[in-house]
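Below is input-v7.csv, which holds CSV, C-alpha atoms.
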chain,number,residue,atom,x,y,z
A,19,MET,CA,-16.5,30.6,-26.1
A,20,VAL,CA,-14.1,32.1,-28.5
A,21,VAL,CA,-12.1,35.3,-27.6
A,22,VAL,CA,-10.0,37.0,-30.3
A,23,VAL,CA,-7.2,39.4,-29.7
A,24,ALA,CA,-5.9,41.0,-32.9
A,25,MET,CA,-2.7,43.0,-33.1
A,26,PRO,CA,-0.8,44.3,-36.2
A,27,PRO,CA,1.3,42.2,-38.5
A,28,ALA,CA,4.4,43.8,-37.1
A,29,LEU,CA,3.9,41.9,-33.9
A,30,SER,CA,2.4,38.8,-35.5
A,31,LEU,CA,-0.1,38.7,-32.7
A,32,LEU,CA,-3.3,37.4,-34.0
A,33,VAL,CA,-4.5,35.9,-30.8
A,34,LEU,CA,-7.0,33.1,-30.6
A,35,LEU,CA,-8.2,32.6,-27.1
A,36,VAL,CA,-10.3,29.5,-26.7
A,37,LEU,CA,-12.0,29.1,-23.4
A,38,ALA,CA,-13.8,25.8,-23.2
A,39,LEU,CA,-16.8,25.8,-20.9
A,40,HIS,CA,-15.5,22.7,-19.2
A,41,GLY,CA,-12.0,24.0,-18.9
A,42,GLY,CA,-10.4,26.5,-16.6
A,43,ALA,CA,-7.6,27.2,-14.2
A,44,GLY,CA,-8.4,24.2,-12.0
A,45,ASP,CA,-8.0,21.4,-14.5
A,46,ALA,CA,-5.8,18.6,-13.3
A,47,THR,CA,-3.8,18.8,-16.6
A,48,PRO,CA,-4.0,22.4,-17.7
A,49,PRO,CA,-3.8,23.0,-21.5
A,50,PRO,CA,-0.7,24.8,-22.8
A,51,PRO,CA,-1.0,28.5,-23.3
A,52,LEU,CA,0.2,28.2,-26.9
A,53,ARG,CA,-3.5,27.7,-27.7
A,54,LEU,CA,-3.9,31.3,-26.7
A,55,VAL,CA,-1.6,32.8,-29.3
A,56,ARG,CA,-1.3,31.8,-32.9
A,57,GLY,CA,2.3,31.7,-33.9
A,58,ALA,CA,3.8,31.6,-30.4
A,59,ARG,CA,6.1,28.8,-29.4
A,60,ARG,CA,8.0,27.6,-26.4
A,61,VAL,CA,11.7,28.5,-26.2
A,62,ALA,CA,14.5,26.6,-24.6
A,63,PHE,CA,16.3,28.5,-21.8
A,64,ASP,CA,19.4,29.3,-23.9
A,65,GLU,CA,17.2,30.5,-26.8
A,66,GLY,CA,15.5,33.3,-24.9
A,67,TYR,CA,16.9,33.7,-21.4
A,68,THR,CA,20.1,34.3,-19.5
A,69,ARG,CA,21.1,33.7,-15.8
A,70,MET,CA,20.7,36.8,-13.6
A,71,PHE,CA,21.7,35.6,-10.1
A,72,GLY,CA,21.9,32.6,-7.9
A,73,ASP,CA,24.8,30.5,-9.3
A,74,GLY,CA,24.2,27.0,-8.2
A,75,ASN,CA,20.6,27.8,-7.1
A,76,LEU,CA,19.6,28.0,-10.8
A,77,ALA,CA,19.5,24.7,-12.6
A,78,VAL,CA,18.6,24.3,-16.3
A,79,LEU,CA,17.1,20.8,-16.9
A,80,ARG,CA,15.6,18.7,-19.7
A,81,ASP,CA,17.6,20.3,-22.6
A,82,GLY,CA,16.7,23.8,-21.4
A,83,ARG,CA,12.9,23.1,-21.2
A,84,ARG,CA,12.7,23.3,-17.5
A,85,VAL,CA,14.4,25.7,-15.0
A,86,ARG,CA,14.6,25.1,-11.2
A,87,LEU,CA,15.1,28.1,-8.9
A,88,THR,CA,16.1,27.6,-5.3
A,89,LEU,CA,16.0,29.8,-2.2
A,90,ASP,CA,18.2,28.9,0.7
A,91,GLU,CA,20.1,30.8,3.4
A,92,SER,CA,22.9,31.8,0.9
A,93,THR,CA,20.8,33.3,-1.9
A,94,GLY,CA,17.7,33.1,-4.1
A,95,ALA,CA,17.9,32.9,-7.9
A,96,GLY,CA,16.6,34.5,-11.1
A,97,PHE,CA,16.8,34.7,-14.9
A,98,ALA,CA,16.0,37.3,-17.5
A,99,SER,CA,15.1,37.5,-21.1
A,100,GLN,CA,18.0,38.1,-23.5
A,101,ASP,CA,15.8,40.6,-25.5
A,102,VAL,CA,13.8,43.7,-24.5
A,103,PHE,CA,10.2,43.8,-25.7
A,104,LEU,CA,7.6,46.5,-26.5
A,105,HIS,CA,4.3,44.6,-26.2
A,106,GLY,CA,3.7,40.9,-26.6
A,107,PHE,CA,2.5,37.7,-25.0
A,108,PHE,CA,4.7,36.2,-22.2
A,109,SER,CA,4.0,33.0,-20.4
A,110,ALA,CA,5.5,30.4,-18.0
A,111,ALA,CA,4.3,27.3,-16.3
A,112,VAL,CA,5.2,27.4,-12.6
A,113,LYS,CA,5.2,24.9,-9.8
A,114,LEU,CA,5.6,26.6,-6.3
A,115,PRO,CA,7.4,25.3,-3.2
A,116,ALA,CA,5.3,23.1,-1.0
A,117,TYR,CA,4.9,22.8,2.8
A,118,TYR,CA,6.0,25.8,4.9
A,119,ALA,CA,6.8,28.8,2.6
A,120,ALA,CA,6.0,31.9,4.6
A,121,GLY,CA,8.0,34.9,3.4
A,122,VAL,CA,9.0,33.3,0.1
A,123,VAL,CA,8.3,35.3,-3.1
A,124,VAL,CA,8.3,33.7,-6.5
A,125,ALA,CA,7.8,36.2,-9.4
A,126,PHE,CA,7.2,36.2,-13.1
A,127,TYR,CA,7.1,39.7,-14.4
A,128,LEU,CA,8.1,42.4,-16.9
A,129,SER,CA,10.3,45.4,-15.9
A,130,ASN,CA,12.7,48.0,-17.1
A,131,GLY,CA,14.1,49.0,-13.7
A,132,ASP,CA,17.6,48.4,-14.9
A,133,THR,CA,17.3,51.0,-17.6
A,134,TYR,CA,14.9,53.5,-16.1
A,135,GLU,CA,15.8,53.5,-12.4
A,136,LYS,CA,13.5,56.3,-11.3
A,137,THR,CA,10.8,56.0,-14.0
A,138,HIS,CA,10.5,52.3,-14.5
A,139,ASP,CA,7.5,50.3,-15.7
A,140,GLU,CA,6.5,46.9,-14.3
A,141,VAL,CA,3.8,44.2,-14.9
A,142,ASP,CA,3.9,41.6,-12.2
A,143,PHE,CA,2.8,38.1,-11.2
A,144,GLU,CA,4.0,37.7,-7.6
A,145,PHE,CA,3.4,34.4,-5.7
A,146,LEU,CA,3.4,35.0,-1.9
A,147,GLY,CA,4.2,32.0,0.3
A,148,ASN,CA,2.3,31.1,3.5
A,149,VAL,CA,2.5,29.1,6.7
A,150,ARG,CA,1.8,25.4,6.7
A,151,GLY,CA,-1.8,24.7,6.0
A,152,ARG,CA,-2.5,28.1,4.4
A,153,GLU,CA,-2.6,28.6,0.7
A,154,TRP,CA,-0.3,30.6,-1.5
A,155,ARG,CA,-1.6,34.0,-2.7
A,156,VAL,CA,-1.1,35.4,-6.2
A,157,GLN,CA,-0.7,39.1,-6.5
A,158,THR,CA,-0.8,41.1,-9.8
A,159,ASN,CA,0.4,44.7,-10.1
A,160,VAL,CA,1.1,47.3,-12.7
A,161,TYR,CA,3.4,50.3,-12.5
A,162,GLY,CA,4.2,52.9,-15.2
A,163,ASN,CA,6.9,55.6,-15.2
A,164,GLY,CA,7.9,55.0,-11.6
A,165,SER,CA,4.3,55.4,-10.2
A,166,THR,CA,5.1,53.1,-7.3
A,167,ALA,CA,3.3,55.5,-4.9
A,168,ALA,CA,0.0,54.5,-6.5
A,169,GLY,CA,0.1,50.7,-6.3
A,170,ARG,CA,-2.5,48.8,-8.3
A,171,GLU,CA,-2.3,45.5,-6.5
A,172,GLU,CA,-4.9,42.7,-6.6
A,173,ARG,CA,-4.5,39.4,-4.8
A,174,TYR,CA,-6.2,36.1,-5.4
A,175,ASP,CA,-6.4,32.6,-4.0
A,176,LEU,CA,-6.3,29.8,-6.6
A,177,PRO,CA,-8.8,27.0,-7.3
A,178,PHE,CA,-6.0,24.5,-7.2
A,179,ASP,CA,-2.9,23.7,-5.2
A,180,PRO,CA,-0.1,25.5,-7.1
A,181,THR,CA,2.5,23.2,-5.4
A,182,ASP,CA,1.1,20.0,-6.8
A,183,GLU,CA,2.0,20.5,-10.5
A,184,LEU,CA,2.8,23.1,-13.1
A,185,HIS,CA,0.2,25.8,-14.0
A,186,HIS,CA,0.5,28.5,-16.6
A,187,TYR,CA,0.6,32.2,-15.8
A,188,SER,CA,0.5,34.6,-18.8
A,189,ILE,CA,0.6,38.3,-19.6
A,190,LEU,CA,-0.7,39.9,-22.7
A,191,TRP,CA,0.6,43.5,-23.0
A,192,THR,CA,-0.6,45.8,-25.8
A,193,ARG,CA,-0.7,49.6,-26.3
A,194,ARG,CA,-4.2,49.7,-25.0
A,195,ARG,CA,-4.5,47.1,-22.3
A,196,ILE,CA,-2.9,44.4,-20.2
A,197,ILE,CA,-4.5,41.0,-19.5
A,198,PHE,CA,-3.4,38.5,-16.9
A,199,TYR,CA,-4.2,34.8,-17.3
A,200,VAL,CA,-4.1,31.7,-15.1
A,201,ASP,CA,-4.0,28.8,-17.4
A,202,GLU,CA,-6.6,29.9,-20.1
A,203,THR,CA,-8.7,31.9,-17.7
A,204,PRO,CA,-8.4,35.8,-17.9
A,205,ILE,CA,-8.3,37.0,-14.3
A,206,ARG,CA,-7.6,40.7,-14.7
A,207,GLU,CA,-7.7,43.4,-17.4
A,208,VAL,CA,-6.1,46.8,-17.1
A,209,VAL,CA,-7.5,49.2,-19.7
A,210,ARG,CA,-5.4,52.3,-20.5
A,211,THR,CA,-7.2,55.5,-19.8
A,212,ALA,CA,-6.3,59.1,-20.5
A,213,ALA,CA,-6.4,59.8,-16.8
A,214,MET,CA,-3.7,57.1,-16.2
A,215,GLY,CA,-1.3,59.0,-18.4
A,216,ALA,CA,2.3,57.6,-17.9
A,217,ALA,CA,1.1,55.3,-15.2
A,218,PHE,CA,0.3,52.7,-17.9
A,219,PRO,CA,3.5,50.8,-18.8
A,220,ALA,CA,4.6,52.1,-22.2
A,221,LYS,CA,8.4,51.6,-22.4
A,222,PRO,CA,10.3,48.5,-23.5
A,223,MET,CA,10.7,45.8,-20.8
A,224,SER,CA,12.6,42.6,-20.1
A,225,VAL,CA,10.9,39.4,-18.8
A,226,TYR,CA,12.1,38.0,-15.4
A,227,ALA,CA,11.6,35.0,-13.2
A,228,THR,CA,12.9,35.0,-9.6
A,229,ILE,CA,12.7,33.5,-6.1
A,230,TRP,CA,13.7,35.6,-3.1
A,231,ASP,CA,13.3,36.3,0.6
A,232,GLY,CA,10.3,38.7,1.0
A,233,SER,CA,10.1,38.3,4.8
A,234,ALA,CA,9.6,42.0,5.3
A,235,TRP,CA,6.1,42.0,3.7
A,236,ALA,CA,5.1,38.9,1.8
A,237,THR,CA,3.1,37.0,4.5
A,238,LEU,CA,0.6,39.0,6.5
A,239,GLY,CA,2.6,42.1,6.2
A,240,GLY,CA,5.8,40.5,7.5
A,241,ARG,CA,4.3,38.8,10.5
A,242,TYR,CA,5.7,35.5,9.3
A,243,ARG,CA,9.3,35.4,8.0
A,244,VAL,CA,11.2,32.8,5.9
A,245,ASN,CA,12.1,29.9,8.2
A,246,TYR,CA,15.2,28.3,6.7
A,247,ARG,CA,14.7,25.1,8.7
A,248,TYR,CA,12.4,24.3,5.8
A,249,ALA,CA,14.8,25.2,3.1
A,250,PRO,CA,15.6,24.7,0.3
A,251,PHE,CA,12.5,26.3,-1.3
A,252,VAL,CA,12.3,25.2,-4.9
A,253,ALA,CA,10.2,26.7,-7.8
A,254,GLU,CA,10.1,25.1,-11.2
A,255,PHE,CA,9.5,26.9,-14.5
A,256,ALA,CA,8.6,25.4,-17.8
A,257,ASP,CA,6.8,26.1,-21.1
A,258,LEU,CA,8.6,29.4,-21.4
A,259,VAL,CA,7.0,31.6,-24.1
A,260,LEU,CA,8.4,34.9,-25.4
A,261,HIS,CA,6.2,36.3,-28.2
A,262,GLY,CA,6.6,40.0,-28.8
A,263,CYS,CA,8.4,42.8,-30.5
A,264,ALA,CA,12.1,42.8,-29.6
A,265,VAL,CA,13.6,46.4,-29.6
A,266,ASP,CA,16.5,48.5,-28.6
A,267,PRO,CA,15.5,49.7,-25.2
A,268,LEU,CA,17.4,53.0,-25.7
A,269,ALA,CA,15.9,53.8,-29.1
A,270,VAL,CA,13.9,57.0,-29.2
A,271,GLU,CA,11.1,55.8,-31.5
A,272,HIS,CA,9.5,52.3,-31.5
A,273,SER,CA,6.1,52.9,-33.0
A,274,ALA,CA,7.1,52.1,-36.6
A,275,SER,CA,7.9,48.5,-35.7
A,276,CYS,CA,5.9,47.8,-32.6
A,277,GLY,CA,2.8,50.0,-32.7
A,278,ASP,CA,-0.6,48.4,-32.5
A,279,GLU,CA,-2.8,51.3,-33.6
A,280,GLU,CA,-2.4,50.9,-37.4
A,281,GLU,CA,-5.5,50.9,-39.5
A,282,GLY,CA,-7.5,47.7,-39.1
A,283,ALA,CA,-6.0,46.7,-35.7
A,284,ALA,CA,-8.7,45.3,-33.5
A,285,GLU,CA,-9.1,45.7,-29.7
A,286,ALA,CA,-8.8,42.7,-27.4
A,287,VAL,CA,-12.1,41.1,-26.4
A,288,VAL,CA,-12.1,39.2,-23.1
A,289,SER,CA,-14.4,36.5,-21.9
A,290,SER,CA,-16.2,38.7,-19.4
A,291,ALA,CA,-18.1,35.7,-17.9
A,292,ALA,CA,-14.9,33.7,-17.3
A,293,MET,CA,-13.1,36.7,-15.8
A,294,ALA,CA,-16.0,37.8,-13.7
A,295,GLY,CA,-16.5,34.3,-12.3
A,296,PHE,CA,-12.8,34.0,-11.3
A,297,ARG,CA,-12.8,37.5,-9.7
A,298,ARG,CA,-16.0,36.9,-7.8
A,299,GLY,CA,-14.8,33.6,-6.4
A,300,HIS,CA,-11.1,34.1,-5.9
A,301,MET,CA,-10.1,37.8,-5.6
A,302,SER,CA,-9.2,38.5,-2.0
A,303,TYR,CA,-8.0,42.1,-2.2
A,304,SER,CA,-8.4,44.9,-4.8
A,305,TYR,CA,-7.0,48.4,-4.7
A,306,CYS,CA,-10.2,49.5,-6.5
A,307,HIS,CA,-12.2,48.8,-3.3
A,308,ASP,CA,-9.6,50.0,-0.8
A,309,ARG,CA,-11.2,53.3,0.4
A,310,ARG,CA,-8.7,53.7,3.2
A,311,ARG,CA,-5.9,53.9,0.7
A,312,TYR,CA,-7.8,55.6,-2.1
A,313,PRO,CA,-10.9,57.5,-0.8
A,314,VAL,CA,-11.6,58.2,-4.5
A,315,ALA,CA,-11.0,55.2,-6.7
A,316,LEU,CA,-8.4,55.5,-9.4
A,317,SER,CA,-9.7,56.3,-12.9
A,318,GLU,CA,-9.4,52.8,-14.4
A,319,CYS,CA,-11.4,51.2,-11.6
A,320,ALA,CA,-14.6,52.2,-13.3
A,321,LEU,CA,-13.5,50.0,-16.3
A,322,THR,CA,-12.4,47.0,-14.3
A,323,GLY,CA,-14.7,44.1,-15.1
A,324,GLY,CA,-17.5,43.8,-12.5
A,325,ALA,CA,-16.1,46.4,-10.2
A,326,ALA,CA,-19.5,47.8,-9.2
A,327,SER,CA,-21.2,44.5,-8.6
A,328,LEU,CA,-18.2,43.2,-6.6
A,329,GLY,CA,-18.1,46.2,-4.3
A,330,ARG,CA,-20.4,44.8,-1.7
A,331,LEU,CA,-18.1,41.8,-1.2
A,332,PHE,CA,-15.2,44.0,0.0
A,333,GLY,CA,-14.6,46.0,3.1
A,334,PRO,CA,-13.2,49.5,3.2
A,335,ASP,CA,-9.7,48.1,3.4
A,336,GLY,CA,-10.1,46.4,0.1
A,337,MET,CA,-10.1,42.9,1.6
A,338,LYS,CA,-12.9,40.5,0.8
A,339,ARG,CA,-15.4,40.3,3.7
A,340,ARG,CA,-15.3,37.1,5.7
A,341,ARG,CA,-19.0,36.4,5.1
A,342,ALA,CA,-18.3,36.4,1.3
A,343,ARG,CA,-15.3,34.1,1.8
A,344,ARG,CA,-17.4,31.7,3.9
A,345,ALA,CA,-20.1,31.6,1.2
A,346,ARG,CA,-17.5,30.9,-1.4
A,347,ASP,CA,-16.0,28.0,0.6
A,348,ALA,CA,-19.4,26.5,1.3
A,349,SER,CA,-20.3,26.4,-2.4
A,350,SER,CA,-17.0,24.9,-3.5

Now that the file is in, can you turn its structure into structure tokens?
Amino acid sequence: MVVVVAMPPALSLLVLLVLALHGGAGDATPPPPLRLVRGARRVAFDEGYTRMFGDGNLAVLRDGRRVRLTLDESTGAGFASQDVFLHGFFSAAVKLPAYYAAGVVVAFYLSNGDTYEKTHDEVDFEFLGNVRGREWRVQTNVYGNGSTAAGREERYDLPFDPTDELHHYSILWTRRRIIFYVDETPIREVVRTAAMGAAFPAKPMSVYATIWDGSAWATLGGRYRVNYRYAPFVAEFADLVLHGCAVDPLAVEHSASCGDEEEGAAEAVVSSAAMAGFRRGHMSYSYCHDRRRYPVALSECALTGGAASLGRLFGPDGMKRRRARRARDASS
């Protein structure tokens, strides 16, 4: 199946998304995400990123092609892009800490919180550690203009062990939509609606990767905290891709160089079958089905792929029902 995402020449984003029927997020050797975007390339650490915190807990290896982030009792670690971007494609291959990792959070995300403290935008991949024998969870989230009171979280399990080897996690951000990918599989699409208003991220953002102690909330709402007897917790990052429009974050007008609404610009087309299959099999929580939190679903939920058909799989708290999980496990 061929999926094409076209953006204007200013961004050089003519995206060719090739989803082979036999491929997917669970392949033993996942294909590189560069097949997703024509013209994108991997960057060495010093080409595109800078150290943010962690001192000795951040190690740059293999001529800048791999980065190791460590969490121990002294600190976590993190790095950030040198440039600030308005729209683009951003990707990293990540290998998560093994064994006992409750309370540990590894993140790959876009944010402008350092520039817009009270009105920041954010697009997140967050990896939430677990106790021994329980799998990592992946959480995606989207904030716009400081709209943290209306979280748009989704959580998923994965069809592979993310501690065994590197897998790719990618974000495509355009003026009209945001698409999250695991390897070459689209797992979530957030379509901008008029009702969302400023809640859709629209200001320039930097790209970040971090590991930190999230004991207060990451594992079963804080029930299990980081146990430093199992430290150090090590996450590896590779295949770093920064492919977007670099801008001055404080400039008033960016549309001339980074807009994607010029005549002839095409909308993204997503493999609905691939995304629906992943979401049906692996999504464990969705804010769109959380009626205790949102008695009336937020506006974009009506446009979320398969939302109506998936509704019966989720309880009023937004969590997938146990019966649906057992059916999934029995068929896998």

**Q.** Selected residue, from A:Tyr67, A:Tyr134, A:Tyr312, A:Tyr118, that lies nearest to Gln100 (chain A) when counting only C-alpha atoms
**A.**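 Ranked by minimum distance to Gln100 (chain A), first place goes to A:Tyr67.
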
Which region 164-239 of chain A residues have any atom within 10 Å of an atom of region 84-97 of chain A, and for each, what is the nearest pair of atoms with distance in Å to one decimal, counting all atoms listed in the file, rows sorted by chain and number, as JSON lines?
{"residue": "A:Val225", "atom": "CA", "partner": "A:Phe97", "partner_atom": "CA", "distance": 8.5}
{"residue": "A:Tyr226", "atom": "CA", "partner": "A:Phe97", "partner_atom": "CA", "distance": 5.8}
{"residue": "A:Ala227", "atom": "CA", "partner": "A:Gly96", "partner_atom": "CA", "distance": 5.4}
{"residue": "A:Thr228", "atom": "CA", "partner": "A:Gly96", "partner_atom": "CA", "distance": 4.0}
{"residue": "A:Ile229", "atom": "CA", "partner": "A:Gly94", "partner_atom": "CA", "distance": 5.4}
{"residue": "A:Trp230", "atom": "CA", "partner": "A:Gly94", "partner_atom": "CA", "distance": 4.8}
{"residue": "A:Asp231", "atom": "CA", "partner": "A:Gly94", "partner_atom": "CA", "distance": 7.2}

Q) With distances taken over only C-alpha atoms, which of A:His300, A:Arg206, A:Arg340, A:Arg194 is nearest to Gly106 (chain A)? A) A:Arg194

(Q) Every residue with an atom at most 6 Å from (-2.7, 36.1, -8.0) (file coordinates; only C-alpha atoms) is what I'm after, so could you write them as a ChimeraX atom specification? (A) /A:155-158,173-174

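Of the residues under consideration (A:Gly72, A:Gly295, A:Gly57, A:Pro334), A:Pro334 shows the shortest atom-to-atom contact distance to His307 (chain A) when counting all atoms listed in the file.
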
**Q.** For Thr68 (chain A), the nearest of the candidates A:Asp101, A:Cys276, A:Arg170, A:Arg56, counting all atoms listed in the file
**A.**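 Counting all atoms listed in the file, the residue closest to Thr68 (chain A) is A:Asp101.
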
(Q) For a test of reading the model, state the distance in Å between CA of Thr133 (chain A) and CA of Val102 (chain A), rounded to one decimal. (A)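 Atom-to-atom, CA of Thr133 (chain A) to CA of Val102 (chain A), that is 10.6 Å.
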
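One finds CA of Leu316 (chain A) at 12.5 Å from CA of Ala167 (chain A).
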
Pick out the residues sitting within 10 Å of Asp132 (chain A), and hand them over as a PDB file with C-alpha atoms, in the frame of the given file; count all atoms listed in the file, and ignore anything fewer than 5 positions along from it in its own chain.
ATOM      1  CA  HIS A 138      10.500  52.300 -14.500  1.00  0.00           C
ATOM      2  CA  MET A 223      10.700  45.800 -20.800  1.00  0.00           C
ATOM      3  CA  SER A 224      12.600  42.600 -20.100  1.00  0.00           C
TER       4      SER A 224
END

Reconstruct all heavy atoms of region 306-315 of chain A from the incomplete input and present them as a compact mmCIF listing (two decimals), in the coordinates of the input.
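Saved the output as out-v6.txt:
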# COMPACT_ATOMS: atom_id res chain seq x y z
N CYS A 306 -9.00 48.77 -6.02
CA CYS A 306 -10.20 49.50 -6.50
C CYS A 306 -11.24 49.62 -5.36
O CYS A 306 -12.11 50.50 -5.42
CB CYS A 306 -10.79 48.87 -7.70
SG CYS A 306 -9.87 49.24 -9.22
N HIS A 307 -11.20 48.74 -4.38
CA HIS A 307 -12.20 48.80 -3.30
C HIS A 307 -11.55 49.22 -1.98
O HIS A 307 -12.24 49.21 -0.95
CB HIS A 307 -12.77 47.35 -3.11
CG HIS A 307 -13.42 46.82 -4.35
ND1 HIS A 307 -14.55 47.39 -4.90
CD2 HIS A 307 -13.09 45.78 -5.17
CE1 HIS A 307 -14.90 46.72 -5.99
NE2 HIS A 307 -14.02 45.76 -6.18
N ASP A 308 -10.29 49.62 -2.00
CA ASP A 308 -9.60 50.00 -0.80
C ASP A 308 -9.79 51.53 -0.56
O ASP A 308 -9.03 52.37 -1.03
CB ASP A 308 -8.09 49.72 -0.93
CG ASP A 308 -7.34 49.85 0.38
OD1 ASP A 308 -7.86 50.53 1.29
OD2 ASP A 308 -6.25 49.27 0.49
N ARG A 309 -10.84 51.87 0.20
CA ARG A 309 -11.20 53.30 0.40
C ARG A 309 -10.29 53.93 1.47
O ARG A 309 -10.23 55.16 1.56
CB ARG A 309 -12.66 53.41 0.81
CG ARG A 309 -13.60 53.07 -0.35
CD ARG A 309 -13.42 54.08 -1.50
NE ARG A 309 -14.11 53.67 -2.71
CZ ARG A 309 -13.54 53.01 -3.70
NH1 ARG A 309 -12.24 52.71 -3.63
NH2 ARG A 309 -14.22 52.67 -4.77
N ARG A 310 -9.63 53.15 2.27
CA ARG A 310 -8.70 53.70 3.20
C ARG A 310 -7.44 54.23 2.50
O ARG A 310 -6.86 55.25 2.88
CB ARG A 310 -8.31 52.71 4.29
CG ARG A 310 -9.49 52.30 5.17
CD ARG A 310 -9.12 51.22 6.16
NE ARG A 310 -10.27 50.82 6.96
CZ ARG A 310 -10.29 49.78 7.78
NH1 ARG A 310 -9.20 49.03 7.91
NH2 ARG A 310 -11.38 49.48 8.46
N ARG A 311 -7.06 53.53 1.50
CA ARG A 311 -5.90 53.90 0.70
C ARG A 311 -6.22 54.92 -0.35
O ARG A 311 -5.48 55.88 -0.57
CB ARG A 311 -5.30 52.64 0.10
CG ARG A 311 -3.97 52.81 -0.59
CD ARG A 311 -3.52 51.45 -1.09
NE ARG A 311 -2.24 51.50 -1.75
CZ ARG A 311 -1.71 50.47 -2.41
NH1 ARG A 311 -2.39 49.33 -2.48
NH2 ARG A 311 -0.53 50.58 -2.98
N TYR A 312 -7.36 54.71 -1.02
CA TYR A 312 -7.80 55.60 -2.10
C TYR A 312 -9.25 56.00 -1.82
O TYR A 312 -10.18 55.31 -2.27
CB TYR A 312 -7.71 54.89 -3.44
CG TYR A 312 -6.31 54.44 -3.82
CD1 TYR A 312 -6.00 53.08 -3.90
CD2 TYR A 312 -5.32 55.37 -4.10
CE1 TYR A 312 -4.72 52.67 -4.24
CE2 TYR A 312 -4.04 54.96 -4.44
CZ TYR A 312 -3.75 53.61 -4.51
OH TYR A 312 -2.48 53.20 -4.84
N PRO A 313 -9.47 57.09 -1.07
CA PRO A 313 -10.90 57.50 -0.80
C PRO A 313 -11.65 57.74 -2.10
O PRO A 313 -12.86 57.51 -2.15
CB PRO A 313 -10.65 58.86 -0.08
CG PRO A 313 -9.31 58.71 0.59
CD PRO A 313 -8.48 57.92 -0.38
N VAL A 314 -10.96 58.17 -3.16
CA VAL A 314 -11.60 58.20 -4.50
C VAL A 314 -10.83 57.23 -5.36
O VAL A 314 -9.61 57.29 -5.51
CB VAL A 314 -11.43 59.65 -5.10
CG1 VAL A 314 -11.99 59.68 -6.51
CG2 VAL A 314 -12.12 60.68 -4.22
N ALA A 315 -11.58 56.28 -5.91
CA ALA A 315 -11.00 55.20 -6.70
C ALA A 315 -10.20 55.78 -7.89
O ALA A 315 -10.61 56.79 -8.47
CB ALA A 315 -12.04 54.23 -7.16
